[in-house]
Amino acid sequence: MKLTRRTVVTTALLSPLILRGARAADDLRARIKVNTENTRGEIDRKLYGNFVEHLGRCIDGGVFQEGSPLSNAAGYRQDVLEAVRGLDVSLLRWPGGNFSSNYHWMDGIGSRDERPPRLEMAWGTVESNRFGTHEFLDYAEQLKTEPYICANLGTGTWTEAQQWVEYCNSALDTAITRARRKNGRKDPWKVTYWGLGNEMDGPWQMGHRSAEDYGKFALEAAKLMRWTDPNVKLIAAGSSNYAAGVDWSLWNRTVVEHLQNYIDYLAIHLYVGNPNDDFGEFLASSRLMDDKIETTAKVIDGALAGRTDGKKVYIAFDEYNVWYRARGEGQRGRRILEEHYTLEDALVVATFLSSLVNHADVVKIANMAQLVNVIAPIFTNDEGLFLQTIYYPLQLFARNVRGKSLKLDVDVPAYNTKQWHDVPYLDVSGAIDGSDLVLNVVNRHKEQAIDASIALEDKSFAGAVGVNEVNGPDVKAANDFGKTLVRAQSRATNARGKTLQYRFPAHSFTQLKARLS
Ligand code: AHR
């Protein structure tokens with residue numbers, strides 16, 4: 001990693017990095033200026049969502065394990081439930097993912113023992129259907145989290161999608177709602193968030209379509225779903241196919257043009273990895289997320305241009321994570337997508353969360369993929385679980401980063417990678433919630449600490465500043481059963497008046513929490 005210059009970054013939406021003089025850096029000092037009036041809008045709580053798919057051991061063996069001494073009578077793993085509660089999950093997406101594109105929800109209702117096992121082609125198994133709509137919505141209620149159901153727009157029909165909304169949301173007396181009552185649920189759950197399929201731009205998807213075909217098909221599903229319950233919020237399948245030569249923006253534009261009268265969100269996905277073991281390059285991955293968000297926001301604006309009704313379509317970043325080791329052709333069957341996360345992965349996740357916060361006015365939903373075992377912050381075996389490195393940044397953001405997203409003025413040394421120029425060594429986001437300020441800082445330098453001067457322009461620090469630091473002995477450090485090398489450690493530091501001097505350790509994520517006056 002080569003130090004190139006100082007970079008002045010305004011963490012503002014849709015503005016490229018503002019370079020105020022590309023001068024060679026002579027030290028590793030930074031300055032962060034905070035003006036609490038300089039905000040970009042509310043941070044939606046739904047940025048801290050998560051995702052459970054019928055995939056590997058995410059649900060079966062993770063969330064749900066009938067017969068396990070760690071599960072309750074209904075089959076839910078209680079140790080997992082407690083660990084999930086620690087993440088303050090605001091929105092939970094289900095049942096997929098790729099799985100959703102051949103999932104027929106009626107297979108998953110009624111007596112568990114009578115549900116049909118089905119061939120599962122997305123991940124090459126047999127789906128028992130013992131965890132279905134009631135089990136998922138019951139789980140969401142236990143967690144007090146908002147459910148988000150992704151309908152089957154691959155091999156499914158318009159009627160199937162419509163009747164799923166009816167089953168979950170209607171209070172009328174129909175054959176469908178009678179079935180719900182017969183299956184033990186009198187009142188509708190009122191599920192607000194519904195996906196119009198998953199990754200329909202990918203040839204790997206069952207029922208993959210062209211943008212036009214998907215736009216037309218999804219429109220009819222959307223109409224019926226909305227006419228069944230006018231309160232549903234609909235999420236269209238945006239781009240996920242970033243293969244060379246694919247115009248992913250064109251997919252997004254076409255889909256928004258077709259669906260604009262019915263959708264509230266456009267879903268996009270991103271997974272990154274470090275296959276060449278290049279720390280600097282990997283830590284710069286959030287540039288890719290910034291780019292996907294900013295390009296998609298422009299595309300949405302373009303597709304809605306000319307409307308005079310103030311119609312908004314927000315971005316739902318409903319799958320993101322580090323995923324590259326347990327990936328590829330061999331990943332079919334039960335023990336699949338079981339990434340074992342390191343400190344560097346946790347730092348990338350922290351920069352992703354900051355990217356979401358730094359685009360909080362256009363991104364209103366985000367779901368880490370996934371929740372348990374499968375590319376997940378929680379990892380189980382039959383005897384217990386451990387918390388992966390990526391658990392900690394997600395927990396700190398979900399618990400503490402709320403209110404309004406701040407536009408910060410950050411002057412910091414930068415470096416170049418093969419793919420990116422002027423990557424700031426400090427990745428920063430901030431939020432103000434009443435008089436509570438939170439700053440999230442990842443030091444992307446592998447070896448050196450960075451001294452920063454944090455200056456408040458319009459307020460003062462009122463007392464000690466809380467510090468939570470996620471770090472570990474080295475960037476490849478990982479947790480395991482009975483071994484926690486990477487976690488969040490708390491302490492306090494002192495600030496004077498309007499200034500805080502803080503040294504951000506090498507390869508760390510630090511969250512500072514201050515009360516202002
Ligand atoms: O999260 C794992 C898979 O990644 C999902 O099933 C799919 O939507 C994406 O390609």
# chains A, B, ... in the order shown; residues from 1 in each chain; ligands from 1
call {"tool": "closest_atom_pairs", "arguments": {"of": "chain A", "to": "ligand 1", "cutoff": "7 Å", "atoms": "only C-alpha atoms and all ligand atoms", "output": "JSON lines"}}
result
{"residue": "A:Glu53", "atom": "CA", "partner": "ligand 1", "partner_atom_place_in_ligand_line": "6 (O)", "distance": 6.9}
{"residue": "A:Gly96", "atom": "CA", "partner": "ligand 1", "partner_atom_place_in_ligand_line": "6 (O)", "distance": 5.6}
{"residue": "A:Gly97", "atom": "CA", "partner": "ligand 1", "partner_atom_place_in_ligand_line": "6 (O)", "distance": 3.3}
{"residue": "A:Asn98", "atom": "CA", "partner": "ligand 1", "partner_atom_place_in_ligand_line": "6 (O)", "distance": 4.0}
{"residue": "A:Phe99", "atom": "CA", "partner": "ligand 1", "partner_atom_place_in_ligand_line": "6 (O)", "distance": 6.2}
{"residue": "A:Asn198", "atom": "CA", "partner": "ligand 1", "partner_atom_place_in_ligand_line": "8 (O)", "distance": 6.0}
{"residue": "A:Glu199", "atom": "CA", "partner": "ligand 1", "partner_atom_place_in_ligand_line": "8 (O)", "distance": 5.9}
{"residue": "A:Glu319", "atom": "CA", "partner": "ligand 1", "partner_atom_place_in_ligand_line": "1 (O)", "distance": 6.6}
{"residue": "A:Ala369", "atom": "CA", "partner": "ligand 1", "partner_atom_place_in_ligand_line": "1 (O)", "distance": 5.3}
{"residue": "A:Gln370", "atom": "CA", "partner": "ligand 1", "partner_atom_place_in_ligand_line": "1 (O)", "distance": 6.2}
call {"tool": "closest_atom_pairs", "arguments": {"of": "region 19-121 of chain A", "to": "region 395-418 of chain A", "cutoff": "7 Å", "atoms": "only C-alpha atoms", "output": "JSON lines"}}
result
{"residue": "A:Ala25", "atom": "CA", "partner": "A:Pro413", "partner_atom": "CA", "distance": 6.2}
{"residue": "A:Leu28", "atom": "CA", "partner": "A:Pro413", "partner_atom": "CA", "distance": 6.3}
{"residue": "A:Arg29", "atom": "CA", "partner": "A:Val412", "partner_atom": "CA", "distance": 6.7}
{"residue": "A:Ala30", "atom": "CA", "partner": "A:Val412", "partner_atom": "CA", "distance": 4.5}
{"residue": "A:Arg31", "atom": "CA", "partner": "A:Asp411", "partner_atom": "CA", "distance": 5.1}
{"residue": "A:Ile32", "atom": "CA", "partner": "A:Val410", "partner_atom": "CA", "distance": 4.5}
{"residue": "A:Lys33", "atom": "CA", "partner": "A:Asp409", "partner_atom": "CA", "distance": 5.0}
{"residue": "A:Val34", "atom": "CA", "partner": "A:Leu408", "partner_atom": "CA", "distance": 5.6}
{"residue": "A:Thr36", "atom": "CA", "partner": "A:Leu406", "partner_atom": "CA", "distance": 6.9}
{"residue": "A:Asn38", "atom": "CA", "partner": "A:Lys407", "partner_atom": "CA", "distance": 5.6}
{"residue": "A:Thr39", "atom": "CA", "partner": "A:Leu406", "partner_atom": "CA", "distance": 4.4}
{"residue": "A:Arg40", "atom": "CA", "partner": "A:Ser405", "partner_atom": "CA", "distance": 5.6}
{"residue": "A:Gly41", "atom": "CA", "partner": "A:Lys404", "partner_atom": "CA", "distance": 5.3}
{"residue": "A:Glu42", "atom": "CA", "partner": "A:Lys404", "partner_atom": "CA", "distance": 4.4}
{"residue": "A:Ile43", "atom": "CA", "partner": "A:Lys404", "partner_atom": "CA", "distance": 5.5}
{"residue": "A:Tyr48", "atom": "CA", "partner": "A:Ala398", "partner_atom": "CA", "distance": 5.5}
{"residue": "A:Gly86", "atom": "CA", "partner": "A:Gln395", "partner_atom": "CA", "distance": 6.8}
{"residue": "A:Leu87", "atom": "CA", "partner": "A:Gln395", "partner_atom": "CA", "distance": 4.8}
{"residue": "A:Asp88", "atom": "CA", "partner": "A:Ala398", "partner_atom": "CA", "distance": 6.1}
call {"tool": "residues_around", "arguments": {"residues": "Tyr320 (chain A)", "least_positions_apart": "3", "cutoff": "8 Å", "atoms": "only C-alpha atoms", "output": "ChimeraX atom specification"}}
result
/A:269-271,317,366-369
call {"tool": "residues_around", "arguments": {"residues": "Leu224 (chain A)", "least_positions_apart": "2", "cutoff": "8 Å", "atoms": "only C-alpha atoms", "output": "JSON, numbers by chain"}}
result
{"A": [158, 159, 162, 220, 221, 222, 226, 227, 228]}
call {"tool": "write_last_selection", "arguments": {"atoms": "C-alpha atoms", "output": "mmCIF file, in the first residue's frame"}}
result
data_model
loop_
_atom_site.group_PDB
_atom_site.id
_atom_site.type_symbol
_atom_site.label_atom_id
_atom_site.label_comp_id
_atom_site.auth_asym_id
_atom_site.auth_seq_id
_atom_site.Cartn_x
_atom_site.Cartn_y
_atom_site.Cartn_z
ATOM 1 C CA TRP A 158 -49.290 -13.699 -10.335
ATOM 2 C CA THR A 159 -52.051 -15.430 -8.405
ATOM 3 C CA GLN A 162 -51.332 -12.157 -4.749
ATOM 4 C CA GLU A 220 -49.079 -7.511 -13.148
ATOM 5 C CA ALA A 221 -47.986 -9.157 -9.898
ATOM 6 C CA ALA A 222 -47.528 -5.728 -8.284
ATOM 7 C CA ARG A 226 -51.383 -3.757 -4.179
ATOM 8 C CA TRP A 227 -55.092 -4.309 -4.901
ATOM 9 C CA THR A 228 -55.129 -7.010 -2.241
#
call {"tool": "atom_distance", "arguments": {"atom1": "CA of Asn373 (chain A)", "atom2": "CA of Gln331 (chain A)"}}
result
13.6 Å
call {"tool": "residues_around", "arguments": {"residues": "Asp229 (chain A)", "least_positions_apart": "6", "cutoff": "10 Å", "atoms": "only C-alpha atoms", "output": "ChimeraX atom specification"}}
result
/A:162,165-166,168-170,190-192,223
call {"tool": "closest_residue", "arguments": {"among": "A:Glu160, A:Asp458, A:Asp107, A:Glu329", "to": "Leu119 (chain A)", "atoms": "only C-alpha atoms"}}
result
A:Asp107
call {"tool": "closest_atom_pairs", "arguments": {"of": "region 175-281 of chain A", "to": "region 122-131 of chain A", "cutoff": "10 Å", "atoms": "only C-alpha atoms", "output": "CSV"}}
result
residue,atom,partner,partner_atom,distance
A:Trp204,CA,A:Ala122,CA,8.4
A:Gln205,CA,A:Ala122,CA,7.8
A:Met206,CA,A:Ala122,CA,7.5
call {"tool": "select_by_dssp", "arguments": {"residues": "region 89-240 of chain A", "states": "strand (DSSP E or B)", "output": "ChimeraX atom specification"}}
result
/A:91-94,118-120,125-127,146-150,193-196,233-237
call {"tool": "write_last_selection", "arguments": {"atoms": "N, CA, C and O atoms", "output": "tab-separated table (two decimals), in the first residue's frame"}}
result
chain	number	residue	atom	x	y	z
A	91	LEU	N	-35.32	-5.36	10.11
A	91	LEU	CA	-36.10	-5.88	8.97
A	91	LEU	C	-35.50	-7.23	8.61
A	91	LEU	O	-34.29	-7.34	8.44
A	92	LEU	N	-36.35	-8.25	8.47
A	92	LEU	CA	-35.82	-9.59	8.17
A	92	LEU	C	-36.40	-10.10	6.87
A	92	LEU	O	-37.62	-10.27	6.74
A	93	ARG	N	-35.51	-10.34	5.91
A	93	ARG	CA	-35.93	-10.80	4.58
A	93	ARG	C	-35.95	-12.33	4.53
A	93	ARG	O	-35.08	-12.98	5.08
A	94	TRP	N	-36.93	-12.88	3.82
A	94	TRP	CA	-37.13	-14.33	3.72
A	94	TRP	C	-38.02	-14.59	2.51
A	94	TRP	O	-38.80	-13.71	2.15
A	118	ARG	N	-39.75	-31.08	-1.26
A	118	ARG	CA	-39.60	-30.74	-2.69
A	118	ARG	C	-38.14	-30.68	-3.08
A	118	ARG	O	-37.30	-30.24	-2.28
A	119	LEU	N	-37.88	-31.02	-4.32
A	119	LEU	CA	-36.53	-30.85	-4.85
A	119	LEU	C	-36.20	-29.36	-4.85
A	119	LEU	O	-37.00	-28.54	-5.30
A	120	GLU	N	-35.02	-29.02	-4.31
A	120	GLU	CA	-34.62	-27.61	-4.23
A	120	GLU	C	-33.46	-27.41	-5.20
A	120	GLU	O	-32.35	-27.92	-4.96
A	125	THR	N	-30.65	-29.30	-2.90
A	125	THR	CA	-31.04	-30.14	-1.75
A	125	THR	C	-32.51	-30.53	-1.89
A	125	THR	O	-33.14	-30.32	-2.93
A	126	VAL	N	-33.05	-31.06	-0.78
A	126	VAL	CA	-34.49	-31.28	-0.69
A	126	VAL	C	-35.01	-30.33	0.38
A	126	VAL	O	-34.46	-30.25	1.48
A	127	GLU	N	-36.04	-29.59	0.05
A	127	GLU	CA	-36.64	-28.64	1.00
A	127	GLU	C	-37.76	-29.36	1.74
A	127	GLU	O	-38.73	-29.81	1.13
A	146	GLU	N	-39.46	-6.26	11.69
A	146	GLU	CA	-40.38	-6.11	10.57
A	146	GLU	C	-40.08	-7.20	9.55
A	146	GLU	O	-38.93	-7.34	9.12
A	147	PRO	N	-41.07	-8.01	9.14
A	147	PRO	CA	-40.80	-9.04	8.12
A	147	PRO	C	-40.81	-8.46	6.71
A	147	PRO	O	-41.51	-7.50	6.42
A	148	TYR	N	-40.04	-9.08	5.84
A	148	TYR	CA	-39.95	-8.68	4.43
A	148	TYR	C	-39.94	-10.00	3.64
A	148	TYR	O	-39.00	-10.78	3.74
A	149	ILE	N	-41.03	-10.22	2.89
A	149	ILE	CA	-41.17	-11.48	2.16
A	149	ILE	C	-40.87	-11.26	0.68
A	149	ILE	O	-41.41	-10.33	0.06
A	150	CYS	N	-40.03	-12.13	0.14
A	150	CYS	CA	-39.69	-12.03	-1.29
A	150	CYS	C	-40.53	-13.05	-2.05
A	150	CYS	O	-40.39	-14.26	-1.86
A	193	TYR	N	-43.63	-5.25	3.76
A	193	TYR	CA	-42.57	-5.23	2.74
A	193	TYR	C	-42.58	-6.53	1.92
A	193	TYR	O	-42.45	-7.62	2.48
A	194	TRP	N	-42.72	-6.37	0.60
A	194	TRP	CA	-42.81	-7.52	-0.32
A	194	TRP	C	-41.86	-7.30	-1.50
A	194	TRP	O	-41.90	-6.27	-2.16
A	195	GLY	N	-41.05	-8.32	-1.74
A	195	GLY	CA	-40.14	-8.27	-2.88
A	195	GLY	C	-40.79	-8.86	-4.12
A	195	GLY	O	-41.46	-9.89	-4.04
A	196	LEU	N	-40.56	-8.22	-5.25
A	196	LEU	CA	-41.06	-8.73	-6.53
A	196	LEU	C	-39.96	-9.58	-7.17
A	196	LEU	O	-39.38	-9.22	-8.20
A	233	LYS	N	-45.63	-2.25	0.66
A	233	LYS	CA	-44.52	-1.53	0.01
A	233	LYS	C	-43.81	-2.57	-0.85
A	233	LYS	O	-43.42	-3.64	-0.35
A	234	LEU	N	-43.63	-2.24	-2.12
A	234	LEU	CA	-43.09	-3.22	-3.06
A	234	LEU	C	-41.66	-2.89	-3.48
A	234	LEU	O	-41.32	-1.73	-3.72
A	235	ILE	N	-40.87	-3.95	-3.56
A	235	ILE	CA	-39.44	-3.81	-3.84
A	235	ILE	C	-39.13	-4.58	-5.12
A	235	ILE	O	-39.28	-5.81	-5.17
A	236	ALA	N	-38.73	-3.86	-6.16
A	236	ALA	CA	-38.43	-4.52	-7.44
A	236	ALA	C	-37.03	-5.08	-7.42
A	236	ALA	O	-36.14	-4.57	-6.73
A	237	ALA	N	-36.81	-6.13	-8.20
A	237	ALA	CA	-35.48	-6.74	-8.31
A	237	ALA	C	-34.62	-5.89	-9.25
A	237	ALA	O	-34.85	-5.87	-10.46
call {"tool": "select_by_dssp", "arguments": {"residues": "region 198-311 of chain A", "states": "helix (DSSP H, G or I)", "output": "ChimeraX atom specification"}}
result
/A:211-228,248-259,279-283,286-304
call {"tool": "atom_distance", "arguments": {"atom1": "CA of Val362 (chain A)", "atom2": "CA of Lys312 (chain A)"}}
result
9.3 Å
call {"tool": "residues_around", "arguments": {"residues": "Leu426 (chain A)", "least_positions_apart": "2", "cutoff": "7 Å", "atoms": "only C-alpha atoms", "output": "PyMOL selection string"}}
result
chain A and resi 412+424+428+441-444
call {"tool": "closest_residue", "arguments": {"among": "A:Arg496, A:Arg487, A:Arg307, A:Arg185", "to": "Thr510 (chain A)", "atoms": "only C-alpha atoms"}}
result
A:Arg487
call {"tool": "residues_around", "arguments": {"residues": "Ser249 (chain A)", "least_positions_apart": "3", "cutoff": "7 Å", "atoms": "only C-alpha atoms", "output": "list in words"}}
result
Asn252, Arg253, Thr296 and Val299 of chain A
call {"tool": "write_last_selection", "arguments": {"atoms": "N, CA, C and O atoms", "output": "PDB file, in the first residue's frame"}}
result
ATOM      1  N   ASN A 252     -31.700  -1.603 -14.448  1.00  0.00           N
ATOM      2  CA  ASN A 252     -32.377  -0.798 -13.424  1.00  0.00           C
ATOM      3  C   ASN A 252     -33.313   0.233 -14.050  1.00  0.00           C
ATOM      4  O   ASN A 252     -34.442   0.430 -13.602  1.00  0.00           O
ATOM      5  N   ARG A 253     -32.837   0.876 -15.085  1.00  0.00           N
ATOM      6  CA  ARG A 253     -33.644   1.923 -15.716  1.00  0.00           C
ATOM      7  C   ARG A 253     -34.934   1.316 -16.306  1.00  0.00           C
ATOM      8  O   ARG A 253     -36.038   1.839 -16.109  1.00  0.00           O
ATOM      9  N   THR A 296     -27.067   4.078  -9.299  1.00  0.00           N
ATOM     10  CA  THR A 296     -28.476   3.651  -9.275  1.00  0.00           C
ATOM     11  C   THR A 296     -29.389   4.824  -8.923  1.00  0.00           C
ATOM     12  O   THR A 296     -30.472   4.978  -9.508  1.00  0.00           O
ATOM     13  N   VAL A 299     -29.873   6.804 -11.976  1.00  0.00           N
ATOM     14  CA  VAL A 299     -30.731   6.079 -12.923  1.00  0.00           C
ATOM     15  C   VAL A 299     -32.202   6.207 -12.500  1.00  0.00           C
ATOM     16  O   VAL A 299     -33.088   6.450 -13.333  1.00  0.00           O
TER      17      VAL A 299
END
call {"tool": "closest_residue", "arguments": {"among": "A:Thr155, A:Ser508, A:Gln78, A:Thr174", "to": "Leu143 (chain A)", "atoms": "only C-alpha atoms"}}
result
A:Gln78
call {"tool": "closest_residue", "arguments": {"among": "A:Leu137, A:Leu485, A:Leu219, A:Leu347", "to": "Pro188 (chain A)", "atoms": "only C-alpha atoms"}}
result
A:Leu137
call {"tool": "atom_distance", "arguments": {"atom1": "CA of Leu70 (chain A)", "atom2": "CA of Val84 (chain A)"}}
result
14.6 Å
call {"tool": "closest_residue", "arguments": {"among": "A:Leu387, A:Ile454, A:Phe504, A:Lys459", "to": "Lys483 (chain A)", "atoms": "only C-alpha atoms"}}
result
A:Leu387
